[in-house]
$ cat my_file-v8.txt   # compact mmCIF, C-alpha atoms
# COMPACT_ATOMS: atom_id res chain seq x y z
CA MET A 441 51.67 45.01 308.20
CA LYS A 442 54.30 42.46 307.21
CA PHE A 443 53.17 38.89 306.57
CA ALA A 444 54.53 35.46 305.65
CA TRP A 445 53.59 32.46 303.57
CA ILE A 446 54.85 29.07 304.72
CA ASP A 447 56.10 26.78 301.96
CA LEU A 448 55.29 23.18 302.90
CA ARG A 449 56.58 21.54 299.73
CA THR A 450 59.96 20.58 301.19
CA VAL A 451 58.94 20.01 304.82
CA PRO A 452 59.65 16.39 305.86
CA GLN A 453 56.46 14.35 306.24
CA ALA A 454 57.27 13.58 309.87
CA ARG A 455 57.25 17.31 310.71
CA LEU A 456 54.45 18.43 308.42
CA GLU A 457 51.63 18.31 310.97
CA SER A 458 53.59 20.29 313.59
CA VAL A 459 54.62 22.91 311.01
CA VAL A 460 51.01 23.33 309.85
CA ASP A 461 49.83 23.62 313.47
CA ALA A 462 52.50 26.27 314.10
CA ALA A 463 51.45 28.21 311.00
CA ILE A 464 47.84 28.22 312.17
CA HIS A 465 48.74 29.08 315.77
CA THR A 466 50.93 32.03 314.72
CA ARG A 467 48.30 33.23 312.23
CA MET A 468 50.52 33.07 309.18
CA GLN A 469 48.72 34.65 306.26
CA GLY A 470 49.22 31.83 303.78
CA VAL A 471 50.40 28.29 303.22
CA LEU A 472 51.86 27.10 299.91
CA CYS A 473 51.34 23.40 299.24
CA ASP A 474 50.39 21.14 296.35
CA ASP A 475 48.61 18.60 298.57
CA GLU A 476 44.92 19.46 298.38
CA SER A 477 44.10 17.46 301.53
CA VAL A 478 46.47 19.64 303.57
CA LEU A 479 45.05 22.85 302.15
CA LYS A 480 41.42 21.80 302.67
CA ALA A 481 42.10 21.24 306.38
CA LEU A 482 43.27 24.82 306.88
CA PRO A 483 40.97 27.25 308.73
CA PRO A 484 39.51 30.15 306.72
CA THR A 485 41.95 32.54 308.41
CA VAL A 486 44.86 31.03 306.44
CA THR A 487 45.07 31.51 302.68
CA ALA A 488 45.64 28.24 300.82
CA VAL A 489 48.03 28.68 297.89
CA THR A 490 49.00 26.11 295.25
CA THR A 491 51.67 26.43 292.61
CA ALA A 492 48.88 25.97 290.06
CA ALA A 493 47.33 29.24 291.28
CA VAL A 494 50.55 31.18 290.77
CA THR A 495 51.23 32.08 287.14
CA GLU A 496 54.71 31.12 286.01
CA GLU A 497 57.17 33.55 284.48
CA LYS A 498 56.87 32.16 280.94
CA GLN A 499 53.10 32.83 280.95
CA LEU A 500 53.35 36.29 282.46
CA TYR A 501 54.14 38.61 279.62
CA GLY A 502 50.52 39.65 279.19
CA LEU A 503 50.29 40.17 282.98
CA ASP A 504 46.81 38.69 283.03
CA ALA A 505 46.92 36.96 286.40
CA ASP A 506 46.06 37.38 290.09
CA ALA A 507 49.37 36.07 291.39
CA ALA A 508 52.72 35.47 289.72
CA TRP A 509 56.02 33.75 290.44
CA VAL A 510 59.12 35.34 288.89
CA ASP A 511 62.65 33.96 289.13
CA VAL A 512 64.97 36.96 288.79
CA HIS A 513 68.29 35.98 287.27
CA ASP A 514 68.98 38.62 284.59
CA GLU A 515 67.83 42.01 283.30
CA PRO A 516 64.71 40.79 281.40
CA SER A 517 63.45 38.79 284.37
CA LEU A 518 64.07 41.78 286.64
CA ARG A 519 61.97 43.99 284.34
CA LEU A 520 59.23 41.36 284.38
CA ALA A 521 59.27 41.24 288.20
CA CYS A 522 58.92 45.03 288.33
CA ALA A 523 55.97 44.98 285.91
CA ALA A 524 54.26 42.16 287.81
CA ALA A 525 54.74 43.89 291.17
CA VAL A 526 53.10 47.03 289.78
CA ALA A 527 50.18 45.30 288.03
CA LEU A 528 49.23 42.23 290.05
CA PRO A 529 47.67 41.67 293.50
CA HIS A 530 50.45 39.27 294.55
CA THR A 531 53.92 38.73 293.11
CA VAL A 532 56.29 36.08 294.45
CA VAL A 533 59.91 36.80 293.54
CA ARG A 534 62.91 34.53 293.93
CA PHE A 535 66.32 36.07 293.36
CA ALA A 536 69.16 33.93 292.02
CA ASP A 537 71.97 36.07 293.45
CA PRO A 538 72.67 37.01 297.09
CA THR A 539 72.77 40.77 296.40
CA LYS A 540 69.69 42.72 297.48
CA ILE A 541 70.05 45.32 294.68
CA PRO A 542 67.45 43.61 292.44
CA LEU A 543 64.98 43.58 295.34
CA GLU A 544 65.62 47.29 295.88
CA ILE A 545 64.80 47.91 292.22
CA VAL A 546 61.54 45.95 292.41
CA LEU A 547 60.54 47.72 295.62
CA ALA A 548 61.24 51.12 294.06
CA ALA A 549 59.29 50.24 290.91
CA ALA A 550 56.26 49.09 292.91
CA ASP A 551 56.42 51.75 295.61
CA ARG A 552 52.97 53.23 294.92
CA SER A 553 51.22 50.08 293.74
CA ALA A 554 48.49 48.29 295.65
CA GLY A 555 49.87 44.82 295.06
CA LYS A 556 51.85 42.78 297.55
CA LEU A 557 55.41 41.62 296.97
CA ILE A 558 56.44 38.30 298.53
CA THR A 559 60.15 37.47 298.51
CA VAL A 560 61.42 33.91 298.72
CA CYS A 561 63.91 33.59 301.61
CA ALA A 562 66.37 30.80 302.25
CA ASP A 563 66.38 31.21 306.02
CA LEU A 564 65.35 33.46 308.92
CA GLU A 565 68.46 35.61 308.63
CA GLU A 566 67.63 36.47 305.02
CA ALA A 567 64.00 37.13 305.98
CA ALA A 568 65.13 39.70 308.56
CA THR A 569 67.18 41.47 305.90
CA VAL A 570 64.46 41.33 303.23
CA LEU A 571 61.88 42.91 305.56
CA ASP A 572 64.10 45.98 306.01
CA VAL A 573 65.45 46.62 302.49
CA LEU A 574 65.05 50.32 301.51
CA GLU A 575 63.46 50.86 304.96
CA ARG A 576 60.17 49.67 303.45
CA GLY A 577 61.09 46.03 302.90
CA SER A 578 59.17 43.33 301.09
CA ASP A 579 55.48 43.15 302.02
CA GLY A 580 55.82 39.46 302.76
CA VAL A 581 58.24 36.57 302.79
CA LEU A 582 57.94 32.97 301.65
CA LEU A 583 59.90 30.55 303.82
CA ALA A 584 60.24 26.78 303.75
CA PRO A 585 60.84 25.99 307.46
CA SER A 586 62.75 22.95 308.63
CA ASP A 587 60.52 22.59 311.69
CA ALA A 588 57.81 24.27 313.77
CA GLY A 589 60.40 26.24 315.75
CA GLU A 590 61.33 28.20 312.65
CA VAL A 591 57.66 29.12 312.13
CA PHE A 592 57.46 30.55 315.65
CA ALA A 593 60.77 32.38 315.13
CA LEU A 594 59.43 33.88 311.90
CA ALA A 595 56.31 35.05 313.73
CA ARG A 596 58.45 36.82 316.31
CA LEU A 597 60.44 38.42 313.51
CA LEU A 598 57.27 39.75 311.87
CA GLU A 599 56.14 41.23 315.18
CA ALA A 600 59.49 42.82 315.87
CA GLY A 601 58.72 46.48 316.05
CA THR A 602 58.89 49.06 318.77
CA SER A 603 55.89 50.61 320.43
CA PRO A 604 55.64 54.31 321.21
CA LEU A 605 56.42 55.45 324.74
CA GLU A 606 54.47 57.86 326.88
CA LEU A 607 57.05 60.49 327.77
CA THR A 608 56.62 62.70 330.79
CA THR A 609 57.75 66.20 331.67
CA LEU A 610 60.42 66.41 334.36
CA THR A 611 61.37 69.53 336.29
CA VAL A 612 65.03 70.10 337.15
CA ASP A 613 65.70 70.15 340.91
CA ARG A 614 69.45 70.69 340.92
CA ILE A 615 72.71 70.37 339.02
CA GLU A 616 75.84 69.06 340.76
CA HIS A 617 79.33 69.28 339.27
CA HIS A 618 81.81 66.45 339.93
CA GLY A 619 85.37 65.61 339.09
CA LEU A 620 86.69 63.21 336.51
CA GLY A 621 84.75 60.08 335.55
CA ASP A 622 84.12 57.83 332.58
CA ARG A 623 81.41 58.70 330.13
CA VAL A 624 80.14 56.88 327.02
CA CYS A 625 79.38 58.22 323.57
CA VAL A 626 77.06 55.88 321.67
CA ASP A 627 77.86 55.96 317.94
CA THR A 628 75.08 54.31 315.97
CA CYS A 629 74.63 53.14 312.38
CA THR A 630 71.89 55.67 311.70
CA HIS A 631 71.17 59.40 311.42
CA PHE A 632 69.14 60.78 314.30
CA ALA A 633 66.51 63.44 313.73
CA GLU A 634 66.90 66.77 315.50
CA ASP A 635 64.28 65.88 318.13
CA GLU A 636 65.57 62.34 318.65
CA GLY A 637 67.94 60.69 321.08
CA ILE A 638 68.13 57.82 323.58
CA LEU A 639 66.70 57.43 327.08
CA VAL A 640 69.36 57.24 329.80
CA GLY A 641 69.23 57.37 333.59
CA SER A 642 71.02 56.41 336.78
CA TYR A 643 67.88 54.75 338.15
CA SER A 644 66.00 51.90 336.49
CA THR A 645 62.68 53.65 336.99
CA GLY A 646 63.49 56.97 335.36
CA PHE A 647 65.23 58.15 332.19
CA ILE A 648 66.01 61.49 330.53
CA LEU A 649 65.97 61.94 326.76
CA CYS A 650 69.58 62.61 325.73
CA CYS A 651 69.90 64.49 322.47
CA SER A 652 71.99 63.34 319.54
CA GLU A 653 74.71 65.57 318.10
CA THR A 654 72.55 66.71 315.19
CA HIS A 655 72.59 70.38 316.15
CA PRO A 656 75.40 72.73 315.05
CA LEU A 657 78.33 73.38 317.36
CA PRO A 658 80.74 76.32 317.03
CA TYR A 659 84.01 74.38 317.32
CA MET A 660 83.33 71.00 315.76
CA PRO A 661 81.20 69.38 313.04
CA THR A 662 77.86 67.76 313.82
CA ARG A 663 77.83 64.02 314.32
CA PRO A 664 74.21 63.03 313.69
CA PHE A 665 74.93 59.37 314.45
CA ARG A 666 76.14 60.05 318.01
CA VAL A 667 74.64 60.51 321.45
CA ASN A 668 76.94 61.69 324.23
CA ALA A 669 74.88 59.61 326.58
CA GLY A 670 76.24 59.61 330.12
CA ALA A 671 78.43 57.94 332.71
CA LEU A 672 79.24 54.29 332.11
CA HIS A 673 77.07 53.02 335.01
CA SER A 674 73.90 54.47 333.47
CA TYR A 675 70.93 52.48 332.25
CA VAL A 676 69.88 52.93 328.62
CA LEU A 677 66.42 51.83 327.52
CA GLY A 678 66.33 49.35 324.63
CA PRO A 679 63.69 47.40 322.71
CA GLU A 680 61.17 45.15 324.49
CA ASN A 681 61.47 47.10 327.75
CA ARG A 682 65.01 45.83 328.28
CA THR A 683 67.82 47.96 329.67
CA ASN A 684 71.56 47.78 329.34
CA TYR A 685 74.31 49.59 331.15
CA LEU A 686 76.03 52.01 328.83
CA SER A 687 79.20 50.07 329.62
CA GLU A 688 77.63 46.97 328.02
CA LEU A 689 76.92 48.54 324.63
CA GLY A 690 79.31 47.73 321.82
CA SER A 691 79.51 47.16 318.10
CA GLY A 692 76.43 45.22 317.00
CA SER A 693 74.31 46.01 320.07
CA THR A 694 70.78 47.33 319.63
CA THR A 695 69.30 50.27 321.48
CA LEU A 696 66.21 52.43 321.13
CA ALA A 697 65.97 55.79 319.38
CA VAL A 698 63.16 57.93 320.82
CA ASN A 699 61.83 61.26 319.59
CA ALA A 700 60.13 64.07 321.47
CA GLU A 701 56.68 62.64 320.72
CA GLY A 702 57.60 59.20 322.06
CA ARG A 703 57.95 57.43 318.71
CA THR A 704 60.63 54.75 318.83
CA ARG A 705 62.78 52.67 316.50
CA PRO A 706 65.57 50.15 317.07
CA VAL A 707 69.05 51.32 316.07
CA THR A 708 72.27 49.36 315.76
CA VAL A 709 75.31 50.50 317.71
CA GLY A 710 78.44 50.84 315.59
CA ARG A 711 80.74 51.75 318.46
CA ALA A 712 80.64 52.72 322.11
CA LYS A 713 83.32 55.25 322.98
CA LEU A 714 84.38 55.50 326.63
CA GLU A 715 86.61 58.37 327.77
CA SER A 716 87.41 60.14 331.06
CA ARG A 717 85.80 63.57 331.33
CA PRO A 718 84.50 65.92 334.04
CA LEU A 719 80.94 64.95 335.00
CA LEU A 720 77.78 66.59 336.29
CA THR A 721 74.55 65.12 337.64
CA ILE A 722 71.06 66.31 336.70
CA THR A 723 68.38 65.57 339.29
CA ALA A 724 64.78 66.12 338.20
CA ARG A 725 61.30 65.21 339.37
CA SER A 726 58.06 64.23 337.65
CA ALA A 727 54.71 65.75 338.61
CA ASP A 728 54.04 62.79 340.92
CA GLY A 729 57.36 63.26 342.72
CA THR A 730 59.37 60.48 341.07
CA VAL A 731 63.08 61.35 341.20
CA VAL A 732 65.12 60.90 338.03
CA SER A 733 68.90 61.19 337.93
CA LEU A 734 71.34 61.39 335.03
CA THR A 735 75.12 61.86 335.14
CA VAL A 736 76.69 63.19 331.95
CA GLN A 737 79.84 64.87 330.73
CA ASP A 738 80.18 68.37 332.16
CA ASP A 739 80.38 70.27 328.90
CA TRP A 740 78.25 72.75 327.00
CA HIS A 741 77.97 70.59 323.87
CA VAL A 742 76.22 67.75 325.76
CA ARG A 743 72.49 68.21 325.38
CA VAL A 744 69.16 66.89 326.59
CA LEU A 745 65.68 67.46 325.20
CA GLY A 746 62.71 69.24 326.68
CA PRO A 747 59.01 69.30 325.73
CA GLY A 748 58.47 70.04 322.06
CA GLY A 749 62.00 68.94 321.29
CA LYS A 750 63.59 72.00 322.89
CA VAL A 751 67.36 71.54 323.13
CA HIS A 752 69.10 72.23 326.45
CA ASN A 753 72.87 72.42 326.93
CA VAL A 754 73.47 70.57 330.19
CA THR A 755 75.82 73.22 331.62
CA GLU A 756 73.11 75.87 331.22
CA LEU A 757 70.34 73.95 332.98
CA ARG A 758 68.76 75.71 335.93
CA GLN A 759 66.27 74.73 338.63
CA GLY A 760 62.78 74.75 337.17
CA ASP A 761 63.80 73.89 333.60
CA GLU A 762 61.63 71.24 331.97
CA LEU A 763 63.02 68.08 330.39
CA LEU A 764 61.50 65.10 328.64
CA GLY A 765 61.79 61.74 330.36
CA TYR A 766 60.28 58.33 330.72
CA LEU A 767 59.12 56.69 333.94
CA ALA A 768 59.21 52.89 334.25
CA THR A 769 57.34 51.07 337.00
CA ASP A 770 59.62 48.04 337.18
CA GLN A 771 62.94 47.43 338.84
CA ARG A 772 65.63 45.63 336.84
CA HIS A 773 67.57 42.40 337.10
CA VAL A 774 70.21 41.95 334.38
CA GLY A 775 68.16 44.29 332.24
CA PHE A 776 64.84 42.46 332.60
CA PRO A 777 61.90 44.19 334.30
CA ILE A 778 61.07 42.57 337.62
CA GLY A 779 58.53 43.34 340.32
CA GLU A 780 60.75 43.27 343.38
CA PHE A 781 61.61 45.75 346.11
CA CYS A 782 64.61 47.89 345.26
CA LYS A 783 65.48 51.39 346.37
CA GLU A 784 67.92 53.45 344.33
CA HIS A 785 69.33 56.77 345.47
$ encode --input "my_file-v8.txt" --output "structure tokens"
Amino acid sequence: MKFAWIDLRTVPQARLESVVDAAIHTRMQGVLCDDESVLKALPPTVTAVTTAAVTEEKQLYGLDADAAWVDVHDEPSLRLACAAAVALPHTVVRFADPTKIPLEIVLAAADRSAGKLITVCADLEEAATVLDVLERGSDGVLLAPSDAGEVFALARLLEAGTSPLELTTLTVDRIEHHGLGDRVCVDTCTHFAEDEGILVGSYSTGFILCCSETHPLPYMPTRPFRVNAGALHSYVLGPENRTNYLSELGSGSTTLAVNAEGRTRPVTVGRAKLESRPLLTITARSADGTVVSLTVQDDWHVRVLGPGGKVHNVTELRQGDELLGYLATDQRHVGFPIGEFCKEH
């Protein structure tokens, strides 16, 4: 679980009380401050930290401490940060240079250690990067906020994850072949697993798991970053139960990768590629009778996933085949879930 310490030492006095209240309200793990009166007023759920309790770099070479502060600015200080991160319960590291390579080295060195690494961050943007470095990220961040709003924003950042989805089995009703239309390939900045794709559908209440191009094809190389997702009007399910039209995705957008067991992760879109191709529509039903529709390119190399991660070429689907999908109970308004009457067909 990622956590944060709030550094109060540079917070303006006029904003100090509101920042402390925000830290308590958002359940920040720790507060760093040299004012004992502020620390004594904290509830027991928030760790009070003083600079006196954090051993400085020059005293660290014996590594006899509970917590350490290391300023990394050269090779010796980097080695010291690695040793501290391995040996001590808490290590606060501040990096002099903007590159994240030294952080990667410290994370790799301390990968199997029980201690916690806290990285000093200049702002929220750096905190978001630090929490993802080497996929593992720093255990915690230390941020000096300018106001209470930044504390709440940091809390949202720490909570930013994606919950698993309960996928359902859909049974194919029919396949209809159409003429030319526009379809979208979603090229992401990640490698998909073989049982992973994105959830796409013509209706806001039902999606089919479209497979990525991770599986071999006889006439072209695999493209494990791509999902040939569907016609441009289609909904695609993203983080926080938001949807986008495929036509809205572009470089820098975020969507949701989903595997056959329902595990999810956010992925960044590098490019959305729209081209005219022959189309077909898959109509399927859930066990409770919910109709799900998906229009995709009419070609053998476009694939969807079934239970257990079974791969189906869309042109070979037949009535009675089983697919994996996701049923949503809400209608949509500009991508937001909304409880209003709406009938799609």
$ atom_distance --input "my_file-v8.txt" --atom1 "CA of Met468 (chain A)" --atom2 "CA of Ala525 (chain A)"
21.4 Å
$ residues_around --input "my_file-v8.txt" --residues "Thr487 (chain A)" --least-positions-apart "5" --cutoff "10 Å" --atoms "all atoms listed in the file" --output "ChimeraX atom specification"
/A:445,468-472,479,482
$ residues_around --input "my_file-v8.txt" --residues "Asp447 (chain A)" --least-positions-apart "6" --cutoff "8 Å" --atoms "only C-alpha atoms" --output "VMD selection string"
chain A and resid 471 to 473 582 to 585
$ axis_aligned_box --input "my_file-v8.txt" --around "region 594-608 of chain A" --padding-each-side "8 Å" --output "AutoDock Vina command-line options"
--center_x 57.5 --center_y 48.3 --center_z 321.3 --size_x 22.0 --size_y 44.8 --size_z 34.9
$ residues_around --input "my_file-v8.txt" --residues "Val526 (chain A)" --least-positions-apart "3" --cutoff "8 Å" --atoms "all atoms listed in the file" --output "PDB file with C-alpha atoms, in the frame of the given file"
ATOM      1  CA  CYS A 522      58.920  45.030 288.330  1.00  0.00           C
ATOM      2  CA  ALA A 523      55.970  44.980 285.910  1.00  0.00           C
ATOM      3  CA  ALA A 549      59.290  50.240 290.910  1.00  0.00           C
ATOM      4  CA  ALA A 550      56.260  49.090 292.910  1.00  0.00           C
ATOM      5  CA  SER A 553      51.220  50.080 293.740  1.00  0.00           C
ATOM      6  CA  ALA A 554      48.490  48.290 295.650  1.00  0.00           C
ATOM      7  CA  GLY A 555      49.870  44.820 295.060  1.00  0.00           C
TER       8      GLY A 555
END
$ closest_residue --input "my_file-v8.txt" --among "A:Lys442, A:Arg623, A:Lys750, A:His673" --to "Ala567 (chain A)" --atoms "all atoms listed in the file"
A:Lys442
$ atom_distance --input "my_file-v8.txt" --atom1 "CA of Thr735 (chain A)" --atom2 "CA of Ser687 (chain A)"
13.6 Å
$ closest_residue --input "my_file-v8.txt" --among "A:Thr466, A:Ser652, A:Thr559, A:Thr721" --to "Thr630 (chain A)" --atoms "all atoms listed in the file"
A:Ser652
